Structure formats: C-alpha cells, structure tokens
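Here's coords16.tsv, which has TSV, C-alpha atoms:
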chain	number	residue	atom	x	y	z
A	292	MET	CA	30.98	54.23	-33.64
A	293	PRO	CA	28.66	55.99	-36.11
A	294	ASP	CA	28.77	59.78	-36.09
A	295	TYR	CA	25.07	60.26	-36.90
A	296	PRO	CA	21.91	58.94	-35.17
A	297	TYR	CA	20.69	57.43	-38.41
A	298	LYS	CA	20.50	53.87	-39.73
A	299	ILE	CA	20.34	53.17	-43.47
A	300	LEU	CA	18.53	50.12	-44.83
A	301	VAL	CA	20.48	48.59	-47.72
A	302	ALA	CA	18.50	46.27	-50.02
A	303	GLU	CA	21.12	44.58	-52.20
A	304	ASP	CA	21.67	40.96	-53.25
A	305	HIS	CA	25.21	41.10	-54.70
A	306	PRO	CA	27.88	40.38	-52.04
A	307	VAL	CA	30.44	42.79	-53.53
A	308	ASN	CA	27.94	45.64	-53.69
A	309	GLN	CA	26.77	44.82	-50.16
A	310	LYS	CA	30.33	45.17	-48.87
A	311	VAL	CA	30.98	48.36	-50.84
A	312	ALA	CA	27.76	50.00	-49.63
A	313	GLY	CA	28.48	49.07	-46.03
A	314	LEU	CA	32.04	50.36	-46.13
A	315	LEU	CA	30.99	53.61	-47.77
A	316	LEU	CA	28.22	54.20	-45.24
A	317	ASN	CA	30.54	53.47	-42.32
A	318	SER	CA	33.15	55.83	-43.77
A	319	LEU	CA	30.49	58.55	-43.78
A	320	GLY	CA	29.59	57.86	-40.16
A	321	PHE	CA	26.38	55.86	-40.69
A	322	ASP	CA	25.22	52.56	-39.29
A	323	TYR	CA	23.27	50.29	-41.64
A	324	MET	CA	21.20	47.14	-41.83
A	325	LEU	CA	21.30	44.77	-44.77
A	326	VAL	CA	18.55	42.80	-46.54
A	327	GLN	CA	19.00	40.51	-49.52
A	328	ASN	CA	15.95	41.36	-51.64
A	329	GLY	CA	12.88	43.50	-52.00
A	330	ARG	CA	10.64	41.16	-50.04
A	331	GLN	CA	12.93	41.40	-47.02
A	332	ALA	CA	13.02	45.20	-47.38
A	333	VAL	CA	9.22	45.34	-47.25
A	334	GLU	CA	9.15	42.96	-44.28
A	335	ALA	CA	11.67	45.10	-42.42
A	336	ILE	CA	9.54	48.22	-42.81
A	337	THR	CA	6.18	46.59	-42.13
A	338	THR	CA	7.41	44.79	-38.99
A	339	GLY	CA	8.75	47.85	-37.24
A	340	SER	CA	12.15	48.84	-38.63
A	341	ARG	CA	12.51	52.62	-38.87
A	342	PRO	CA	15.53	53.39	-41.06
A	343	SER	CA	16.28	57.00	-41.92
A	344	ALA	CA	16.69	56.13	-45.61
A	345	ILE	CA	16.72	53.12	-47.91
A	346	LEU	CA	19.30	52.30	-50.58
A	347	MET	CA	17.34	50.09	-52.95
A	348	ASP	CA	18.84	47.91	-55.66
A	349	ILE	CA	16.54	47.39	-58.65
A	350	MET	CA	17.29	43.88	-59.91
A	351	MET	CA	16.85	41.49	-56.97
A	352	PRO	CA	15.43	37.97	-56.56
A	353	GLU	CA	11.97	37.26	-55.13
A	354	MET	CA	10.91	40.92	-55.38
A	355	ASP	CA	12.59	43.67	-57.37
A	356	GLY	CA	13.21	47.22	-56.17
A	357	PHE	CA	10.26	48.72	-58.06
A	358	GLU	CA	7.71	46.42	-56.44
A	359	ALA	CA	9.35	46.77	-53.03
A	360	ALA	CA	9.24	50.57	-53.17
A	361	HIS	CA	5.59	50.50	-54.26
A	362	LYS	CA	4.61	48.21	-51.37
A	363	ILE	CA	6.55	50.31	-48.85
A	364	ARG	CA	4.72	53.43	-50.04
A	365	GLN	CA	1.38	51.64	-49.72
A	366	PHE	CA	2.22	50.73	-46.13
A	367	GLU	CA	3.44	54.23	-45.31
A	368	PHE	CA	0.27	55.87	-46.61
A	369	ALA	CA	-1.61	54.82	-43.49
A	370	SER	CA	1.22	55.70	-41.11
A	371	GLN	CA	1.91	59.17	-42.58
A	372	ARG	CA	5.61	58.34	-42.97
A	373	ASN	CA	7.78	58.75	-46.03
A	374	ILE	CA	11.23	57.22	-45.79
A	375	PRO	CA	13.57	58.47	-48.54
A	376	ILE	CA	14.23	55.63	-50.99
A	377	ILE	CA	17.29	56.00	-53.21
A	378	ALA	CA	17.60	53.54	-56.08
A	379	CYS	CA	21.09	52.14	-56.68
A	380	THR	CA	21.43	50.20	-59.90
A	381	ALA	CA	23.55	49.16	-62.85
A	382	VAL	CA	20.51	49.00	-65.15
A	383	ASP	CA	21.35	50.78	-68.41
A	384	GLU	CA	17.86	51.83	-69.53
A	385	LYS	CA	17.54	55.56	-70.26
A	386	THR	CA	14.14	55.66	-68.59
A	387	ILE	CA	15.32	54.15	-65.30
A	388	ARG	CA	15.05	57.40	-63.32
A	389	GLU	CA	11.45	57.89	-64.44
A	390	GLN	CA	10.66	54.28	-63.56
A	391	CYS	CA	12.14	54.74	-60.10
A	392	ILE	CA	10.11	57.88	-59.42
A	393	ALA	CA	6.95	56.22	-60.72
A	394	ALA	CA	7.50	53.35	-58.27
A	395	GLY	CA	7.65	55.81	-55.37
A	396	MET	CA	11.39	56.24	-54.99
A	397	ASN	CA	12.87	59.66	-54.29
A	398	ASP	CA	16.18	59.52	-56.10
A	399	TYR	CA	18.52	57.45	-58.24
A	400	LEU	CA	22.24	56.64	-58.13
A	401	ALA	CA	24.05	54.76	-60.87
A	402	LYS	CA	26.59	52.11	-59.91
A	403	PRO	CA	29.43	52.15	-59.12
A	404	LEU	CA	28.66	54.17	-56.05
A	405	SER	CA	31.24	56.56	-54.68
A	406	ARG	CA	31.53	58.11	-51.25
A	407	ALA	CA	30.95	61.59	-52.67
A	408	MET	CA	27.82	60.54	-54.57
A	409	LEU	CA	26.38	58.86	-51.51
A	410	LYS	CA	27.32	61.76	-49.24
A	411	SER	CA	25.59	64.27	-51.50
A	412	ARG	CA	22.28	62.39	-51.71
A	413	LEU	CA	22.12	61.50	-48.01
A	414	GLU	CA	22.85	65.10	-47.07
A	415	TYR	CA	19.99	66.23	-49.30
A	416	TRP	CA	17.37	63.72	-48.23
A	417	LEU	CA	18.26	63.68	-44.52
A	418	ASN	CA	18.74	67.45	-44.47
A	419	ILE	CA	22.07	67.23	-42.67
A	420	GLU	CA	25.68	68.19	-43.27
A	421	ILE	CA	28.05	65.24	-43.28
A	422	LYS	CA	31.36	66.34	-41.84
A	423	THR	CA	33.53	63.78	-43.64
A	424	VAL	CA	35.79	65.66	-46.06
A	425	SER	CA	36.50	64.12	-49.43
A	426	ASP	CA	38.21	65.57	-52.46
A	427	GLU	CA	36.95	62.88	-54.82
A	428	PRO	CA	34.72	63.90	-57.74
A	429	ALA	CA	30.98	64.01	-57.06
A	430	ASN	CA	30.43	61.81	-60.10
A	431	ALA	CA	32.55	58.73	-60.66
A	432	ASN	CA	32.39	59.33	-64.40
A	433	ASP	CA	34.35	62.55	-63.89
A	434	ILE	CA	37.44	60.51	-63.01
A	435	LYS	CA	39.48	60.19	-66.19
A	436	SER	CA	41.27	56.87	-66.47
A	437	ILE	CA	43.87	56.02	-69.09
A	438	THR	CA	44.98	52.68	-67.76
A	439	SER	CA	45.00	49.70	-70.12
A	440	GLU	CA	45.03	47.21	-67.24
A	441	PRO	CA	42.01	44.95	-66.52
A	442	LEU	CA	41.30	46.93	-63.35
A	443	ASP	CA	42.19	50.46	-62.35
A	444	ARG	CA	43.26	50.27	-58.70
A	445	ALA	CA	44.06	53.99	-58.56
A	446	TYR	CA	40.52	54.73	-59.76
A	447	LEU	CA	39.09	52.41	-57.11
A	448	ASN	CA	41.11	54.05	-54.35
A	449	VAL	CA	39.72	57.44	-55.36
A	450	LEU	CA	36.22	56.10	-55.83
A	451	TYR	CA	35.91	54.43	-52.44
A	452	GLY	CA	38.69	55.89	-50.32
A	453	ILE	CA	38.89	52.69	-48.28
A	454	ASP	CA	41.65	50.41	-47.06
A	455	GLN	CA	39.75	47.18	-47.67
A	456	LEU	CA	40.13	47.18	-51.46
A	457	ASP	CA	41.95	43.85	-51.53
A	458	ASP	CA	39.12	42.23	-49.56
A	459	ILE	CA	36.60	43.58	-52.06
A	460	LEU	CA	38.62	42.28	-55.01
A	461	ASP	CA	39.03	38.85	-53.42
A	462	LEU	CA	35.29	38.69	-52.80
A	463	TYR	CA	34.65	39.80	-56.38
A	464	LEU	CA	36.75	36.90	-57.72
A	465	ILE	CA	34.95	34.31	-55.57
A	466	VAL	CA	31.45	35.56	-56.39
A	467	THR	CA	32.08	36.13	-60.10
A	468	GLU	CA	33.72	32.76	-60.62
A	469	ALA	CA	30.64	31.06	-59.16
A	470	LEU	CA	28.33	33.18	-61.31
A	471	ILE	CA	30.31	32.38	-64.46
A	472	ASP	CA	29.95	28.65	-63.70
A	473	GLN	CA	26.18	29.17	-63.41
A	474	LEU	CA	26.19	31.19	-66.61
A	475	SER	CA	28.00	28.45	-68.52
A	476	SER	CA	25.31	25.96	-67.55
A	477	SER	CA	22.52	28.36	-68.57
A	478	VAL	CA	24.16	29.07	-71.92
A	479	GLN	CA	24.55	25.35	-72.64
A	480	THR	CA	20.89	24.67	-71.82
A	481	GLN	CA	19.76	27.89	-73.58
A	482	LYS	CA	17.80	29.28	-70.63
A	483	ALA	CA	17.39	32.89	-71.72
A	484	PRO	CA	15.95	34.35	-68.48
A	485	GLU	CA	18.81	32.84	-66.47
A	486	VAL	CA	21.43	34.08	-68.93
A	487	LYS	CA	20.05	37.59	-68.68
A	488	ARG	CA	19.78	37.50	-64.87
A	489	ILE	CA	23.26	36.13	-64.28
A	490	ALA	CA	24.83	38.48	-66.83
A	491	HIS	CA	23.25	41.41	-64.97
A	492	GLU	CA	24.63	40.16	-61.64
A	493	ILE	CA	28.15	39.87	-63.05
A	494	LYS	CA	27.82	43.28	-64.68
A	495	SER	CA	26.72	44.90	-61.44
A	496	GLY	CA	29.66	43.61	-59.43
A	497	SER	CA	32.09	44.31	-62.25
A	498	TYR	CA	31.11	47.97	-62.43
A	499	SER	CA	31.88	48.22	-58.73
A	500	VAL	CA	35.49	47.08	-59.23
A	501	SER	CA	36.06	48.93	-62.55
A	502	ALA	CA	36.20	45.69	-64.58
A	503	LYS	CA	34.90	47.61	-67.56
A	504	GLU	CA	35.49	44.99	-70.25
A	505	ILE	CA	33.58	42.37	-68.26
A	506	ALA	CA	30.76	44.81	-67.55
A	507	THR	CA	30.48	45.70	-71.24
A	508	LEU	CA	30.45	42.05	-72.30
A	509	CYS	CA	27.73	41.31	-69.75
A	510	ARG	CA	25.65	44.22	-71.02
A	511	ASP	CA	25.92	42.77	-74.54
A	512	LEU	CA	25.11	39.33	-73.17
A	513	GLU	CA	21.93	40.63	-71.54
A	514	ILE	CA	20.81	42.01	-74.90
A	515	ALA	CA	21.69	38.84	-76.80
A	516	GLY	CA	20.02	36.68	-74.15
A	517	GLU	CA	16.85	38.77	-74.34
A	518	LYS	CA	16.78	38.16	-78.12
A	519	GLU	CA	17.70	34.47	-77.66
A	520	ALA	CA	20.47	34.99	-80.21
A	521	TRP	CA	22.35	31.89	-79.13
A	522	THR	CA	25.21	32.14	-81.61
A	523	GLU	CA	25.96	35.64	-80.30
A	524	VAL	CA	25.44	34.50	-76.70
A	525	THR	CA	28.00	31.73	-77.14
A	526	LYS	CA	30.51	34.12	-78.68
A	527	ILE	CA	30.14	36.71	-75.92
A	528	HIS	CA	30.25	34.02	-73.23
A	529	ALA	CA	33.62	32.81	-74.55
A	530	ALA	CA	34.98	36.36	-74.56
A	531	LEU	CA	33.68	36.88	-71.02
A	532	PHE	CA	35.47	33.78	-69.81
A	533	LEU	CA	38.77	35.04	-71.23
A	534	SER	CA	38.25	38.54	-69.84
A	535	PHE	CA	37.59	37.20	-66.36
A	536	GLY	CA	40.77	35.16	-66.60
A	537	LYS	CA	42.75	38.35	-67.27
A	538	VAL	CA	41.17	40.10	-64.30
A	539	ARG	CA	41.82	37.14	-62.00
A	540	GLU	CA	45.46	36.97	-63.07
A	541	PHE	CA	45.89	40.73	-62.63
A	542	ILE	CA	44.46	40.70	-59.10
A	543	SER	CA	46.57	37.67	-58.14
A	544	GLN	CA	49.77	39.20	-59.50
A	545	LYS	CA	49.15	42.48	-57.65
A	546	ALA	CA	48.57	40.55	-54.43
A	547	LEU	CA	51.84	38.64	-54.86
A	548	VAL	CA	53.77	41.86	-55.54
A	549	GLU	CA	52.37	43.49	-52.40
A	550	ILE	CA	53.18	40.42	-50.28
A	551	SER	CA	56.76	40.35	-51.59
A	552	HIS	CA	57.20	43.98	-50.55

Write-out of the structure in structure tokens:
Amino acid sequence: MPDYPYKILVAEDHPVNQKVAGLLLNSLGFDYMLVQNGRQAVEAITTGSRPSAILMDIMMPEMDGFEAAHKIRQFEFASQRNIPIIACTAVDEKTIREQCIAAGMNDYLAKPLSRAMLKSRLEYWLNIEIKTVSDEPANANDIKSITSEPLDRAYLNVLYGIDQLDDILDLYLIVTEALIDQLSSSVQTQKAPEVKRIAHEIKSGSYSVSAKEIATLCRDLEIAGEKEAWTEVTKIHAALFLSFGKVREFISQKALVEISH
C-alpha cells in the first residue's frame, strides 16, 4: 500500500521507462497512473483526474510533452489549479530546461531517473518529507563507474535500488530488438524523421539501463538522420546493431550464471 495520499500521473511512451518510473514511485510510497502520450495526459486532466504531480516525458507520439503541458496550463487557468509538472527526458539540447519552463512545466529531470533524484523533486513540489531512506547519490552522474562491460549492473542496483532489475533488462531486450528492426527498415528506405524518432526511443531506454555505447550511437544517429547524411547513418546503424548484440549476450550470460547458482 502507498505511504502517501498522493497519485502521480506518468506520461511516458517507452515501456522500459514506464516500468522504471512505476517501480521508483512505488519504492517511495506513491501510487501512480500511466498514460502513453501527451494527448492522453491532457485528456486525463481535462476529464477529472486530479494527480498531485505529473512526470512528463518530452518526446512522445501524437502530442509531445511541451504541447501537453501548455494545454494543461490553459485548462488549469480557469480552474485556479496548478499541478506540478516535472519533465523527464533524454533530450540532449542545452536549452531543454528553458523550453520546459516556457511550456509551463515546473522542473526538469534528466534520464536515467534515480530514486534519490525523484525523491528530492517530489519532496520539493509536494512540500512533504518522504521517509524512505536512501544512501544513493542525488545525481546519477555522481556515481563513478569504471566497468568495461556493456552494462553496469552494480550501477543500476545503486541507481534504482530495486529487486526487479532482471525484469527491466528482459523488457529492454524485447523492446529494443523490435525498435532496431523498425530502424533498419527506416534506414533502408531513407526516412529521416523515422530514423530520428526511433533512434531517440532506443537512446531513452538505453540510458535507463546504462547501455552507454548504444545511447551514444543513437545520439549520433539522431544528428546524422537530421542532416540526412545517409552514409554516416548506415555506418552508425551497423555499429548500433553490433553493440546491441554485445548487450544482449551480456544480459543472457548473466542470467544463465545466476540460474546455475
């Protein structure tokens, strides 16, 4: 049972990030409701949902986080309400915080989320003290990792402090493999908007599981796709395919080792 009489609305389209956000919120004692895109977030608010705060992804289908926040603020103007909206995104632009504030959001968190980061911002905007004790760093970037492996499981355990890590990694493999298949088709047909969108989706989920090489390749792929530099896109796509293969093998081997023990 939740420890606090609050419900958080999570607007997020990536299955891995949905699961991570839900687990982190539950670990902090919060209940939550999930929507898949900005349009659904607006519908939830305008049809009577009264969440205590909103965690809003930026890049979503149908309606992005910026437009959703703006429409929610327009609706709230008449009702004299102001639900805290916290942007959660893997967008790399330096101006993202300013863009979020301009759209009517209150705050900004960079992915991957951690329990400590989320705890700090919810405490501030809900004006409460969350009793869950955590000794993890307040900023995930403060965790120094020296591993050369495709994923850093020790880092993930500190970052999330959850027992369901294997479930998250299994879900990551399923979702990312499907996205890479879609990406291959978009690269072959040279559909730049789709290449950029899918690369961002893979990047977002990869940040959440510390697949740093994949995330970096996807960031480069977004840039190359935007420029329609197809020779570079093809090169990065091939490297991405190999990198995902290493991650998949690493996760599978770790699972087999744990089963054998």

What lies within 9 Å of segment 326-337 of chain A using only C-alpha atoms, ignoring chain neighbours under 2 positions off, as a PDB file with C-alpha atoms, in the frame of the given file?
ATOM      1  CA  LEU A 300      18.530  50.120 -44.830  1.00  0.00           C
ATOM      2  CA  VAL A 301      20.480  48.590 -47.720  1.00  0.00           C
ATOM      3  CA  ALA A 302      18.500  46.270 -50.020  1.00  0.00           C
ATOM      4  CA  GLU A 303      21.120  44.580 -52.200  1.00  0.00           C
ATOM      5  CA  ASP A 304      21.670  40.960 -53.250  1.00  0.00           C
ATOM      6  CA  HIS A 305      25.210  41.100 -54.700  1.00  0.00           C
ATOM      7  CA  GLN A 309      26.770  44.820 -50.160  1.00  0.00           C
ATOM      8  CA  MET A 324      21.200  47.140 -41.830  1.00  0.00           C
ATOM      9  CA  GLY A 339       8.750  47.850 -37.240  1.00  0.00           C
ATOM     10  CA  SER A 340      12.150  48.840 -38.630  1.00  0.00           C
ATOM     11  CA  ARG A 341      12.510  52.620 -38.870  1.00  0.00           C
ATOM     12  CA  PRO A 342      15.530  53.390 -41.060  1.00  0.00           C
ATOM     13  CA  ILE A 345      16.720  53.120 -47.910  1.00  0.00           C
ATOM     14  CA  MET A 347      17.340  50.090 -52.950  1.00  0.00           C
ATOM     15  CA  ASP A 348      18.840  47.910 -55.660  1.00  0.00           C
ATOM     16  CA  ILE A 349      16.540  47.390 -58.650  1.00  0.00           C
ATOM     17  CA  MET A 350      17.290  43.880 -59.910  1.00  0.00           C
ATOM     18  CA  MET A 351      16.850  41.490 -56.970  1.00  0.00           C
ATOM     19  CA  PRO A 352      15.430  37.970 -56.560  1.00  0.00           C
ATOM     20  CA  GLU A 353      11.970  37.260 -55.130  1.00  0.00           C
ATOM     21  CA  MET A 354      10.910  40.920 -55.380  1.00  0.00           C
ATOM     22  CA  ASP A 355      12.590  43.670 -57.370  1.00  0.00           C
ATOM     23  CA  GLY A 356      13.210  47.220 -56.170  1.00  0.00           C
ATOM     24  CA  PHE A 357      10.260  48.720 -58.060  1.00  0.00           C
ATOM     25  CA  GLU A 358       7.710  46.420 -56.440  1.00  0.00           C
ATOM     26  CA  ALA A 359       9.350  46.770 -53.030  1.00  0.00           C
ATOM     27  CA  ALA A 360       9.240  50.570 -53.170  1.00  0.00           C
ATOM     28  CA  LYS A 362       4.610  48.210 -51.370  1.00  0.00           C
ATOM     29  CA  ILE A 363       6.550  50.310 -48.850  1.00  0.00           C
ATOM     30  CA  PHE A 366       2.220  50.730 -46.130  1.00  0.00           C
ATOM     31  CA  GLU A 367       3.440  54.230 -45.310  1.00  0.00           C
TER      32      GLU A 367
END

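Atom CA of Arg406 of chain A lies 10.9 Å from atom CA of Asn448 of chain A.
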
Set the distance at 10 Å and use only C-alpha atoms: which residues neighbour Arg412 of chain A once local chain neighbours fewer than 4 positions away are removed? I'd like the list as number ranges by chain. A: 377, 398-400, 407-408, 416-418

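Note that the spacing between atom CA of Ser495 of chain A and atom CA of Asn373 of chain A amounts to 28.1 Å.
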
Residue contacts of segment 488-492 of chain A (7 Å, only C-alpha atoms) excluding same-chain residues fewer than 4 positions away, as an mmCIF file with C-alpha atoms, keeping the file's coordinate frame:
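Saved result, out-v6.cif, follows:
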data_model
loop_
_atom_site.group_PDB
_atom_site.id
_atom_site.type_symbol
_atom_site.label_atom_id
_atom_site.label_comp_id
_atom_site.auth_asym_id
_atom_site.auth_seq_id
_atom_site.Cartn_x
_atom_site.Cartn_y
_atom_site.Cartn_z
ATOM 1 C CA LEU A 470 28.330 33.180 -61.310
ATOM 2 C CA LEU A 474 26.190 31.190 -66.610
ATOM 3 C CA PRO A 484 15.950 34.350 -68.480
ATOM 4 C CA GLY A 496 29.660 43.610 -59.430
ATOM 5 C CA CYS A 509 27.730 41.310 -69.750
ATOM 6 C CA LEU A 512 25.110 39.330 -73.170
ATOM 7 C CA GLU A 513 21.930 40.630 -71.540
#

Of the listed residues A:Ser370, A:Ser318, A:Ser476, A:Gln390, that which approaches Ser405 of chain A most closely, counting all atoms listed in the file: A:Ser318

Skipping near chain neighbours, those fewer than 4 positions away, what residues fall within 12 Å of segment 498-500 of chain A using all atoms listed in the file, listed as a PyMOL selection string? chain A and resi 305-312+379-383+401-405+431-432+441-451+456-464+467+491-494+504-510+538+542

Could you pull the residues within 7 Å of Asp322 of chain A, counting only C-alpha atoms, minus those fewer than 6 positions along the same chain, as an mmCIF file with C-alpha atoms, keeping the file's coordinate frame?
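Result went into part_12.cif, see below:
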data_model
loop_
_atom_site.group_PDB
_atom_site.id
_atom_site.type_symbol
_atom_site.label_atom_id
_atom_site.label_comp_id
_atom_site.auth_asym_id
_atom_site.auth_seq_id
_atom_site.Cartn_x
_atom_site.Cartn_y
_atom_site.Cartn_z
ATOM 1 C CA PRO A 293 28.660 55.990 -36.110
ATOM 2 C CA TYR A 297 20.690 57.430 -38.410
ATOM 3 C CA LYS A 298 20.500 53.870 -39.730
ATOM 4 C CA ILE A 299 20.340 53.170 -43.470
ATOM 5 C CA LEU A 316 28.220 54.200 -45.240
#

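Going from atom CA of Asn397 of chain A to atom CA of Ile419 of chain A covers 16.6 Å.
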
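Using all atoms listed in the file, the set of residues no farther than 6 Å from the position (34.2, 34.9, -64.1) comprises Thr467, Glu468, Ile471, Phe532 and Phe535 of chain A.
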
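Counting all atoms listed in the file, the residue from A:Ala530, A:Val486, A:Leu325, A:Ala369 that sits nearest to Ala515 of chain A is A:Val486.
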